[in-house]
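Just data.csv here, CSV, C-alpha atoms:
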```
chain,number,residue,atom,x,y,z
C,1,MET,CA,28.9,-52.2,48.5
C,2,TYR,CA,27.5,-49.8,51.1
C,3,ARG,CA,30.4,-50.5,53.5
C,4,ARG,CA,32.9,-50.0,50.7
C,5,LYS,CA,31.5,-46.5,49.9
C,6,SER,CA,31.4,-45.6,53.5
C,7,GLU,CA,35.0,-46.5,53.9
C,8,CYS,CA,36.0,-44.4,50.9
C,9,GLN,CA,34.1,-41.4,52.4
C,10,ILE,CA,35.9,-41.9,55.8
C,11,VAL,CA,39.3,-42.1,54.1
C,12,GLN,CA,38.7,-39.2,51.8
C,13,GLY,CA,37.6,-37.1,54.8
C,14,ARG,CA,41.0,-37.8,56.4
C,15,LEU,CA,43.3,-37.3,53.5
C,16,SER,CA,44.2,-33.8,54.4
C,17,PRO,CA,45.5,-34.6,58.0
C,18,TYR,CA,47.1,-37.7,56.4
C,19,ILE,CA,49.3,-35.7,54.1
C,20,ASP,CA,50.2,-33.4,57.0
C,21,GLU,CA,51.0,-36.5,59.2
C,22,GLN,CA,48.4,-35.4,61.7
C,23,LEU,CA,46.8,-38.9,62.1
C,24,ASN,CA,47.4,-41.3,65.0
C,25,PRO,CA,49.2,-44.5,63.9
C,26,ALA,CA,46.0,-46.6,63.8
C,27,ASP,CA,44.2,-44.1,61.5
C,28,LYS,CA,47.3,-43.8,59.4
C,29,GLU,CA,47.5,-47.5,58.9
C,30,ARG,CA,43.8,-47.7,58.1
C,31,ILE,CA,44.2,-45.1,55.4
C,32,GLU,CA,47.3,-46.7,53.9
C,33,SER,CA,45.8,-50.2,53.8
C,34,HIS,CA,42.6,-48.8,52.1
C,35,LEU,CA,44.7,-46.8,49.6
C,36,GLU,CA,46.5,-50.0,48.5
C,37,GLY,CA,43.3,-51.4,47.1
C,38,CYS,CA,41.3,-48.3,46.1
C,39,GLN,CA,42.3,-46.4,43.0
C,40,ALA,CA,39.6,-43.8,43.5
C,41,CYS,CA,40.9,-42.8,46.9
C,42,LEU,CA,44.5,-42.9,45.6
C,43,GLY,CA,43.4,-40.5,42.8
C,44,GLU,CA,41.9,-38.2,45.4
C,45,LEU,CA,45.1,-38.3,47.4
C,46,GLU,CA,47.2,-37.4,44.4
C,47,SER,CA,44.8,-34.6,43.4
C,48,LEU,CA,44.9,-33.2,46.9
C,49,ARG,CA,48.7,-33.4,47.1
C,50,ALA,CA,49.0,-31.6,43.7
C,51,MET,CA,46.7,-28.8,44.9
C,52,VAL,CA,48.7,-28.4,48.2
C,53,LYS,CA,51.9,-28.3,46.1
C,54,LEU,CA,50.4,-25.5,44.0
C,55,LEU,CA,49.6,-23.5,47.1
C,56,HIS,CA,53.2,-23.9,48.3
C,57,ARG,CA,54.3,-22.2,45.1
C,58,VAL,CA,52.3,-19.1,45.6
C,59,ALA,CA,54.9,-16.4,45.4
C,60,MET,CA,55.5,-13.8,48.1
C,61,VAL,CA,54.8,-10.2,47.2
C,62,THR,CA,57.1,-7.4,48.2
C,63,PRO,CA,55.2,-4.9,50.4
C,64,PRO,CA,54.7,-1.5,48.7
C,65,ARG,CA,56.4,0.3,51.6
C,66,SER,CA,58.0,-0.1,55.0
C,67,PHE,CA,55.6,-0.4,58.0
C,68,ALA,CA,58.2,0.8,60.6
C,69,VAL,CA,56.6,2.8,63.4
C,70,ALA,CA,57.6,6.3,64.4
C,71,GLU,CA,58.6,7.2,68.0
C,72,ALA,CA,55.2,8.5,68.8
C,73,ALA,CA,53.1,6.2,66.7
C,74,PRO,CA,50.0,8.2,65.6
C,75,LYS,CA,46.8,6.4,65.4
C,76,PRO,CA,46.0,5.8,61.7
C,77,GLN,CA,43.2,7.9,60.7
C,78,PRO,CA,40.5,6.8,58.3
C,79,ALA,CA,39.9,8.7,55.1
C,80,SER,CA,36.8,10.4,56.6
C,81,ALA,CA,39.0,11.8,59.4
C,82,ARG,CA,41.5,13.2,56.9
C,83,SER,CA,38.7,14.7,54.8
C,84,PHE,CA,37.2,16.2,57.9
C,85,ARG,CA,40.3,18.1,58.7
C,86,ALA,CA,40.6,19.3,55.1
C,87,PHE,CA,37.0,20.5,55.0
C,88,ARG,CA,37.3,22.1,58.5
C,89,ALA,CA,40.3,24.1,57.3
C,90,ALA,CA,38.5,25.1,54.0
C,91,THR,CA,35.4,26.1,56.0
C,92,ALA,CA,37.5,28.2,58.3
C,93,VAL,CA,39.3,29.9,55.4
C,94,ALA,CA,36.0,30.6,53.6
C,95,ALA,CA,34.4,31.9,56.9
C,96,LEU,CA,37.4,34.2,57.5
C,97,LEU,CA,37.1,35.6,53.9
C,98,LEU,CA,33.4,36.2,54.5
C,99,VAL,CA,34.1,38.1,57.7
C,100,PHE,CA,36.8,40.2,56.0
C,101,THR,CA,34.5,40.9,53.2
C,102,PHE,CA,31.7,42.0,55.6
C,103,ALA,CA,34.1,44.1,57.5
C,104,GLY,CA,35.6,45.6,54.4
C,105,ASP,CA,32.1,46.3,53.1
C,106,ALA,CA,31.1,47.9,56.4
C,107,ALA,CA,34.2,50.0,56.2
C,108,HIS,CA,33.3,51.0,52.7
C,109,LEU,CA,36.6,49.7,51.4
C,110,PHE,CA,35.1,48.4,48.2
C,111,GLU,CA,33.6,51.7,47.1
C,112,ALA,CA,35.0,53.9,44.4
C,113,GLY,CA,34.7,57.1,46.5
C,114,PRO,CA,37.0,58.3,49.3
C,115,VAL,CA,36.5,56.4,52.5
C,116,GLU,CA,37.8,58.8,55.1
C,117,GLU,CA,34.5,60.5,55.9
C,118,ARG,CA,32.5,57.3,55.9
C,119,THR,CA,34.7,55.3,58.3
C,120,ALA,CA,33.3,57.5,61.1
C,121,GLN,CA,29.7,56.4,60.5
C,122,GLN,CA,30.4,52.7,59.7
C,123,VAL,CA,28.4,49.9,61.3
C,124,THR,CA,30.2,48.4,64.3
C,125,PRO,CA,32.2,45.2,63.4
C,126,ALA,CA,30.3,43.3,66.2
C,127,ALA,CA,27.0,44.0,64.4
C,128,ASN,CA,28.6,42.6,61.2
C,129,ASP,CA,29.8,39.4,62.7
C,130,ASP,CA,26.5,38.5,64.2
C,131,THR,CA,24.0,38.0,61.4
C,132,GLY,CA,25.0,40.2,58.6
C,133,GLU,CA,21.9,42.3,59.0
C,134,GLY,CA,23.9,45.4,59.8
C,135,VAL,CA,25.9,44.8,56.7
C,136,LEU,CA,22.9,44.5,54.5
C,137,SER,CA,21.4,47.7,55.9
C,138,SER,CA,24.7,49.5,55.4
C,139,GLU,CA,24.8,48.2,51.9
C,140,GLY,CA,21.3,49.5,51.4
C,141,GLU,CA,22.4,52.9,52.6
C,142,GLY,CA,25.3,52.7,50.2
C,143,TYR,CA,23.2,52.0,47.2
C,144,ALA,CA,20.6,54.6,48.3
C,145,ASP,CA,23.3,57.2,48.5
C,146,GLY,CA,24.2,56.4,44.9
C,147,GLU,CA,27.7,55.2,45.8
C,148,VAL,CA,29.4,53.1,43.1
C,149,TYR,CA,31.0,49.8,44.1
C,150,THR,CA,34.2,48.9,42.3
C,151,TRP,CA,33.7,45.2,43.2
C,152,PRO,CA,30.5,43.1,43.0
C,153,VAL,CA,30.6,43.0,46.8
C,154,PHE,CA,27.0,41.9,47.4
C,155,GLU,CA,27.5,39.0,45.0
C,156,LEU,CA,30.8,38.1,46.5
C,157,GLU,CA,29.2,38.1,50.0
C,158,LEU,CA,26.4,35.9,48.7
C,159,ALA,CA,28.8,33.5,47.0
C,160,LEU,CA,31.0,33.3,50.1
C,161,SER,CA,28.0,32.7,52.3
C,162,GLY,CA,27.0,29.8,50.0
C,163,VAL,CA,30.5,28.4,50.1
C,164,VAL,CA,30.6,28.6,53.9
C,165,VAL,CA,27.2,26.9,54.2
C,166,VAL,CA,28.1,24.1,51.8
C,167,LEU,CA,31.6,23.5,53.3
C,168,GLY,CA,30.2,23.8,56.8
C,169,GLY,CA,27.5,21.2,56.0
C,170,ALA,CA,30.1,18.8,54.5
C,171,THR,CA,32.3,19.3,57.6
C,172,ALA,CA,29.4,18.6,59.9
C,173,VAL,CA,28.6,15.3,58.0
C,174,LEU,CA,32.3,14.3,58.1
C,175,TRP,CA,32.4,15.1,61.8
C,176,GLN,CA,29.5,12.9,62.5
C,177,LYS,CA,31.1,10.1,60.5
C,178,LYS,CA,34.4,10.6,62.4
C,179,ARG,CA,32.6,10.5,65.8
C,180,ARG,CA,30.8,7.3,64.8
C,181,GLY,CA,34.1,5.8,63.8
C,182,ILE,CA,35.6,6.7,67.2
C,183,GLU,CA,32.7,5.2,69.0
C,184,LYS,CA,33.0,2.0,67.1
C,185,GLY,CA,36.8,2.0,67.5
I,1,MET,CA,71.1,-10.6,67.6
I,2,GLU,CA,68.6,-13.3,68.4
I,3,GLU,CA,64.9,-12.7,67.9
I,4,ASP,CA,64.2,-13.2,71.6
I,5,GLU,CA,66.7,-10.5,72.5
I,6,ILE,CA,65.1,-8.1,70.0
I,7,VAL,CA,61.7,-8.9,71.3
I,8,LYS,CA,62.9,-8.3,74.9
I,9,ARG,CA,64.3,-4.9,74.0
I,10,ALA,CA,61.2,-4.0,72.0
I,11,ARG,CA,59.1,-4.9,75.1
I,12,GLU,CA,61.2,-2.4,77.1
I,13,GLY,CA,60.1,0.3,74.7
I,14,ASP,CA,63.0,0.4,72.3
I,15,VAL,CA,61.5,1.6,69.0
I,16,ASP,CA,64.5,0.6,66.9
I,17,SER,CA,64.3,-3.0,68.2
I,18,PHE,CA,60.6,-3.1,67.4
I,19,ASN,CA,61.3,-1.8,63.9
I,20,ARG,CA,63.8,-4.6,63.5
I,21,LEU,CA,60.9,-7.0,64.1
I,22,VAL,CA,58.8,-5.0,61.6
I,23,GLU,CA,61.6,-5.5,59.0
I,24,ILE,CA,61.7,-9.2,59.8
I,25,TYR,CA,58.0,-9.8,59.6
I,26,GLN,CA,56.4,-7.1,57.4
I,27,ARG,CA,56.7,-9.2,54.2
I,28,ARG,CA,54.9,-12.2,55.8
I,29,VAL,CA,52.3,-10.1,57.5
I,30,TYR,CA,51.6,-8.2,54.3
I,31,ASN,CA,51.3,-11.4,52.3
I,32,LEU,CA,49.1,-13.0,54.8
I,33,SER,CA,46.8,-9.9,54.7
I,34,LEU,CA,46.9,-9.8,50.9
I,35,ARG,CA,45.9,-13.5,50.5
I,36,MET,CA,43.3,-13.2,53.2
I,37,LEU,CA,41.7,-10.0,51.8
I,38,GLY,CA,42.5,-10.3,48.1
I,39,ASN,CA,42.9,-6.5,47.9
I,40,ALA,CA,46.2,-4.7,48.0
I,41,PRO,CA,45.1,-1.4,49.6
I,42,ALA,CA,43.1,-3.2,52.3
I,43,ALA,CA,46.1,-5.5,52.9
I,44,GLU,CA,48.3,-2.4,53.3
I,45,ASP,CA,45.9,-1.0,55.9
I,46,ALA,CA,45.7,-4.3,57.7
I,47,THR,CA,49.5,-4.6,57.9
I,48,GLN,CA,49.8,-1.0,59.1
I,49,ASP,CA,47.1,-1.5,61.8
I,50,ALA,CA,48.7,-4.9,62.8
I,51,PHE,CA,52.1,-3.3,63.5
I,52,LEU,CA,50.7,-0.3,65.2
I,53,SER,CA,48.6,-2.6,67.5
I,54,ALA,CA,51.6,-4.8,68.1
I,55,PHE,CA,53.7,-1.7,69.0
I,56,ARG,CA,51.1,-0.5,71.5
I,57,GLY,CA,50.6,-3.9,72.9
I,58,ILE,CA,54.1,-5.5,73.0
I,59,SER,CA,54.4,-4.9,76.7
I,60,ARG,CA,51.6,-7.4,77.1
I,61,PHE,CA,53.4,-10.1,75.1
I,62,ARG,CA,54.1,-12.8,77.6
I,63,GLY,CA,56.7,-14.9,75.7
I,64,GLY,CA,56.3,-17.9,73.5
I,65,SER,CA,56.2,-17.6,69.8
I,66,PHE,CA,56.4,-14.0,68.7
I,67,ARG,CA,55.4,-14.9,65.2
I,68,ALA,CA,52.2,-16.6,66.4
I,69,TRP,CA,51.4,-13.5,68.6
I,70,LEU,CA,52.0,-11.1,65.7
I,71,PHE,CA,50.0,-13.2,63.2
I,72,ARG,CA,47.1,-13.3,65.7
I,73,ILE,CA,47.1,-9.5,65.7
I,74,ALA,CA,47.5,-9.5,61.9
I,75,THR,CA,44.5,-11.8,61.5
I,76,ASN,CA,42.4,-9.6,63.8
I,77,ALA,CA,43.4,-6.6,61.6
I,78,CYS,CA,42.3,-8.7,58.6
I,79,TRP,CA,38.9,-9.4,60.2
I,80,ASP,CA,38.4,-5.7,60.8
I,81,GLN,CA,39.2,-5.0,57.2
I,82,LEU,CA,36.9,-7.7,56.0
I,83,ARG,CA,34.1,-6.1,58.1
I,84,ALA,CA,35.0,-2.7,56.6
I,85,ILE,CA,34.9,-4.2,53.0
I,86,SER,CA,31.6,-5.8,53.6
I,87,ARG,CA,30.2,-2.4,54.7
I,88,ARG,CA,31.6,-0.9,51.5
I,89,PRO,CA,30.3,-3.1,48.7
I,90,THR,CA,31.8,-0.8,46.1
I,91,THR,CA,35.4,-1.7,47.2
I,92,PRO,CA,37.2,-2.1,43.8
I,93,ILE,CA,38.2,-5.6,42.9
I,94,ASP,CA,41.9,-6.0,43.3
I,95,ASP,CA,43.8,-6.5,40.0
I,96,MET,CA,47.1,-7.5,41.6
I,97,PRO,CA,47.8,-10.9,40.1
I,98,MET,CA,48.8,-13.9,42.2
I,99,GLU,CA,52.1,-15.3,40.9
I,100,LEU,CA,53.4,-18.8,41.3
I,101,GLU,CA,57.1,-19.6,41.8
I,102,SER,CA,58.6,-21.4,38.9
I,103,ASP,CA,58.7,-25.2,39.4
I,104,GLN,CA,62.0,-26.4,37.9
I,105,PRO,CA,61.0,-30.0,37.0
I,106,SER,CA,58.0,-28.8,35.0
I,107,PRO,CA,58.6,-25.2,34.0
I,108,GLU,CA,55.4,-23.6,32.6
I,109,ASP,CA,55.6,-20.4,30.8
I,110,PHE,CA,54.8,-17.2,32.6
I,111,ALA,CA,51.2,-16.8,31.2
I,112,VAL,CA,50.2,-20.3,32.3
I,113,ARG,CA,51.6,-19.7,35.8
I,114,ARG,CA,49.8,-16.4,36.1
I,115,GLU,CA,46.5,-18.1,34.9
I,116,ILE,CA,46.9,-20.8,37.6
I,117,GLY,CA,47.6,-18.1,40.1
I,118,GLU,CA,44.4,-16.3,39.2
I,119,LYS,CA,42.4,-19.5,39.6
I,120,ILE,CA,43.9,-20.1,43.0
I,121,LYS,CA,43.1,-16.5,44.0
I,122,LYS,CA,39.5,-16.8,43.0
I,123,ALA,CA,39.2,-20.2,44.7
I,124,LEU,CA,40.6,-18.8,47.9
I,125,ALA,CA,38.3,-15.8,47.7
I,126,ALA,CA,35.3,-18.2,47.4
I,127,LEU,CA,36.2,-20.0,50.7
I,128,PRO,CA,34.5,-19.0,54.0
I,129,PRO,CA,37.0,-16.7,55.8
I,130,ASP,CA,37.8,-19.1,58.6
I,131,GLN,CA,38.7,-21.9,56.2
I,132,ARG,CA,40.6,-19.5,54.0
I,133,LEU,CA,42.7,-18.3,56.9
I,134,ALA,CA,43.5,-21.9,58.0
I,135,VAL,CA,44.5,-22.9,54.5
I,136,ILE,CA,46.6,-19.8,54.0
I,137,LEU,CA,48.4,-20.2,57.3
I,138,ARG,CA,49.0,-23.9,56.6
I,139,ASP,CA,49.8,-24.1,52.9
I,140,ILE,CA,51.0,-20.6,52.0
I,141,GLU,CA,52.6,-19.5,55.2
I,142,GLY,CA,53.7,-22.9,56.2
I,143,LEU,CA,52.7,-22.8,59.9
I,144,ASP,CA,52.2,-26.1,61.7
I,145,TYR,CA,48.8,-27.1,63.2
I,146,GLN,CA,49.7,-26.1,66.8
I,147,GLU,CA,50.8,-22.6,65.7
I,148,ILE,CA,47.7,-22.1,63.6
I,149,ALA,CA,45.6,-23.0,66.7
I,150,ARG,CA,47.5,-20.3,68.6
I,151,VAL,CA,47.1,-17.7,65.9
I,152,THR,CA,43.4,-18.4,65.4
I,153,GLY,CA,42.6,-19.0,69.1
I,154,SER,CA,40.9,-22.3,68.1
I,155,SER,CA,41.3,-25.9,69.2
I,156,LEU,CA,43.5,-28.3,67.3
I,157,GLY,CA,40.4,-30.2,66.2
I,158,THR,CA,38.9,-27.0,64.8
I,159,VAL,CA,42.1,-26.2,62.9
I,160,LYS,CA,42.2,-29.8,61.4
I,161,SER,CA,38.6,-29.5,60.3
I,162,ARG,CA,38.9,-26.1,58.7
I,163,ILE,CA,42.1,-27.1,56.8
I,164,ASN,CA,40.4,-30.3,55.7
I,165,ARG,CA,37.2,-28.6,54.5
I,166,GLY,CA,39.0,-25.6,53.0
I,167,ARG,CA,41.4,-27.8,51.0
I,168,GLY,CA,38.4,-30.0,49.9
I,169,ARG,CA,36.5,-27.0,48.6
I,170,LEU,CA,39.6,-25.6,46.9
I,171,ARG,CA,40.3,-28.9,45.2
I,172,HIS,CA,36.7,-29.2,44.1
I,173,TYR,CA,36.9,-25.7,42.7
I,174,LEU,CA,40.2,-26.1,41.0
I,175,GLU,CA,39.3,-29.6,39.6
I,176,ARG,CA,37.6,-27.8,36.7
I,177,TYR,CA,40.9,-26.4,35.6
I,178,ARG,CA,42.8,-29.7,36.0
I,179,GLU,CA,44.3,-29.4,32.5
I,180,LEU,CA,46.2,-26.3,33.6
I,181,PHE,CA,48.0,-28.0,36.4
I,182,PRO,CA,51.2,-30.0,36.0
```
If you took the structure in this file and wrote it as structure tokens, what would it be?
Amino acid sequence: MYRRKSECQIVQGRLSPYIDEQLNPADKERIESHLEGCQACLGELESLRAMVKLLHRVAMVTPPRSFAVAEAAPKPQPASARSFRAFRAATAVAALLLVFTFAGDAAHLFEAGPVEERTAQQVTPAANDDTGEGVLSSEGEGYADGEVYTWPVFELELALSGVVVVLGGATAVLWQKKRRGIEKG
Amino acid sequence: MEEDEIVKRAREGDVDSFNRLVEIYQRRVYNLSLRMLGNAPAAEDATQDAFLSAFRGISRFRGGSFRAWLFRIATNACWDQLRAISRRPTTPIDDMPMELESDQPSPEDFAVRREIGEKIKKALAALPPDQRLAVILRDIEGLDYQEIARVTGSSLGTVKSRINRGRGRLRHYLERYRELFP
């Protein structure tokens, strides 16, 4: 009884190479002579064959696009690299807007009154670009003098500063991700 | 033009010849990736990476079976994608159905074929990746054992064992749905 079970196990363990004709003649003969007298193993063989036949019928899918390469094949970039570039550009645009706003503010371009006289006493652009302290003080002077702003300049500067900080932060995070990706790659 | 001649020209840097090879193999590489990864966007990425790697490395191809060489690159791209997917557990489950070719002697209707396809897809996904790859290469791609050994960089014995165990698990899994099969 034990020997019979053991033989079935051996045969069933070799049915896969048997159907692919990967067995040596001796093993093949052993399997075939066992199958002649064992319905259980014959059932296993038929079941395995049916399953393999099913796999043969798995249909090929047409690729969604061509994978032809261009002359100078660019290295495919992960999504984080693409986002990094978009965020970097957005940060640059927001920072430029902020600088222009500061410069415009320093040149009193946003005020209702005439600007000719004031341009002579404006804060130097270098001072504006650094920290914005010069701008704030010039604004303070502007308000102190009772000048009327046609635009909500201070709020605009604050909002743009916030946008630059947020975008800059996101860009820095994406840059870190990209760098890690390159190190792994 | 013979494939060997196209490969020779591609090795000399002719992009058009390489793209002829892409045309010849992209369907098979994409399907191998799709069956291996079970996810269409990941399969697209793997196929793209495979052809770019092949393009950059074709000067190192030393002859023999170009298909086996390309499939080896493609399976490496699949391993990379599998690692990426495992790092992103939120990767959406692919809803692209697995279709079966119609079998003329016993034509099932479309819905039954699709249902069987889904069971096979799930059964394949449940296999350990090395067994899944061996079964896909053997039973879906139709490679012989020697070629599978070259593609996977394994011994013939390992290939036999993986196919045997993979098929065994698949059969065990699909046995529950025996009534669906012809």
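Within 12 Å of Arg72 of chain I, once only C-alpha atoms are used and residues closer than 3 positions along the same chain are dropped, the contacting residues are Val29, Leu32, Ser33, Thr47, Ala50, Phe51, Ser53, Ala54, Phe61, Ser65, Phe66, Arg67, Ala68, Trp69, Thr75, Asn76, Ala77, Cys78, Trp79, Leu133, Leu137, Glu147, Ile148, Ala149, Arg150, Val151, Thr152, Gly153 and Ser154 of chain I.
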Write out as a PyMOL selection string the residues lying within 10 Å of segment 158-162 of chain C, counting all atoms listed in the file and excluding same-chain residues fewer than 2 positions away.
-> chain C and resi 94-99+101+153-156+164-168
Mind pulling up the distance from atom CA of Ser66 of chain C to atom CA of Val22 of chain I?
->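 Taking atom CA of Val22 of chain I and atom CA of Ser66 of chain C, their separation equals 8.3 Å.
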Give me, as a VMD selection string, the contact residues of chain C against chain I at a cut-off of 7 Å, counting all atoms listed in the file.
-> chain C and resid 16 to 17 48 51 to 52 55 to 63 67 to 69 71
Give me, please, the distance in Å between atom CA of Glu29 of chain C and atom CA of Arg14 of chain C, quoted to one decimal.
-> 11.9 Å
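As for atom CA of Gly38 of chain I and atom CA of Val112 of chain I, they are spaced 20.2 Å apart.
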Go through I:Ala46, I:Ala134, I:Asn39, I:Ala125 one by one, measure the shortest atom-to-atom distance of each to Gln81 of chain I using all atoms listed in the file, and give the residue with the smallest value.
-> I:Ala46
Of the listed residues C:Asp27, C:Glu44, C:Glu32, C:Asp105, that which approaches Trp151 of chain C most closely, counting all atoms listed in the file =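 Ranking C:Asp27, C:Glu44, C:Glu32, C:Asp105 by distance to Trp151 of chain C, first place goes to C:Asp105.
When the distance limit is 10 Å and all atoms listed in the file are what count, the residues near Glu3 of chain I, minus those fewer than 2 positions from it on the same chain, are Met1, Glu5, Ile6, Val7, Lys8, Arg9, Ser17, Arg20, Leu21, Ile24 and Phe66 of chain I.
For the residues I:Gly157, I:Pro129, I:Glu179, I:Leu124, ranking by smallest atom-to-atom distance to Arg83 of chain I using all atoms listed in the file places I:Pro129 first.
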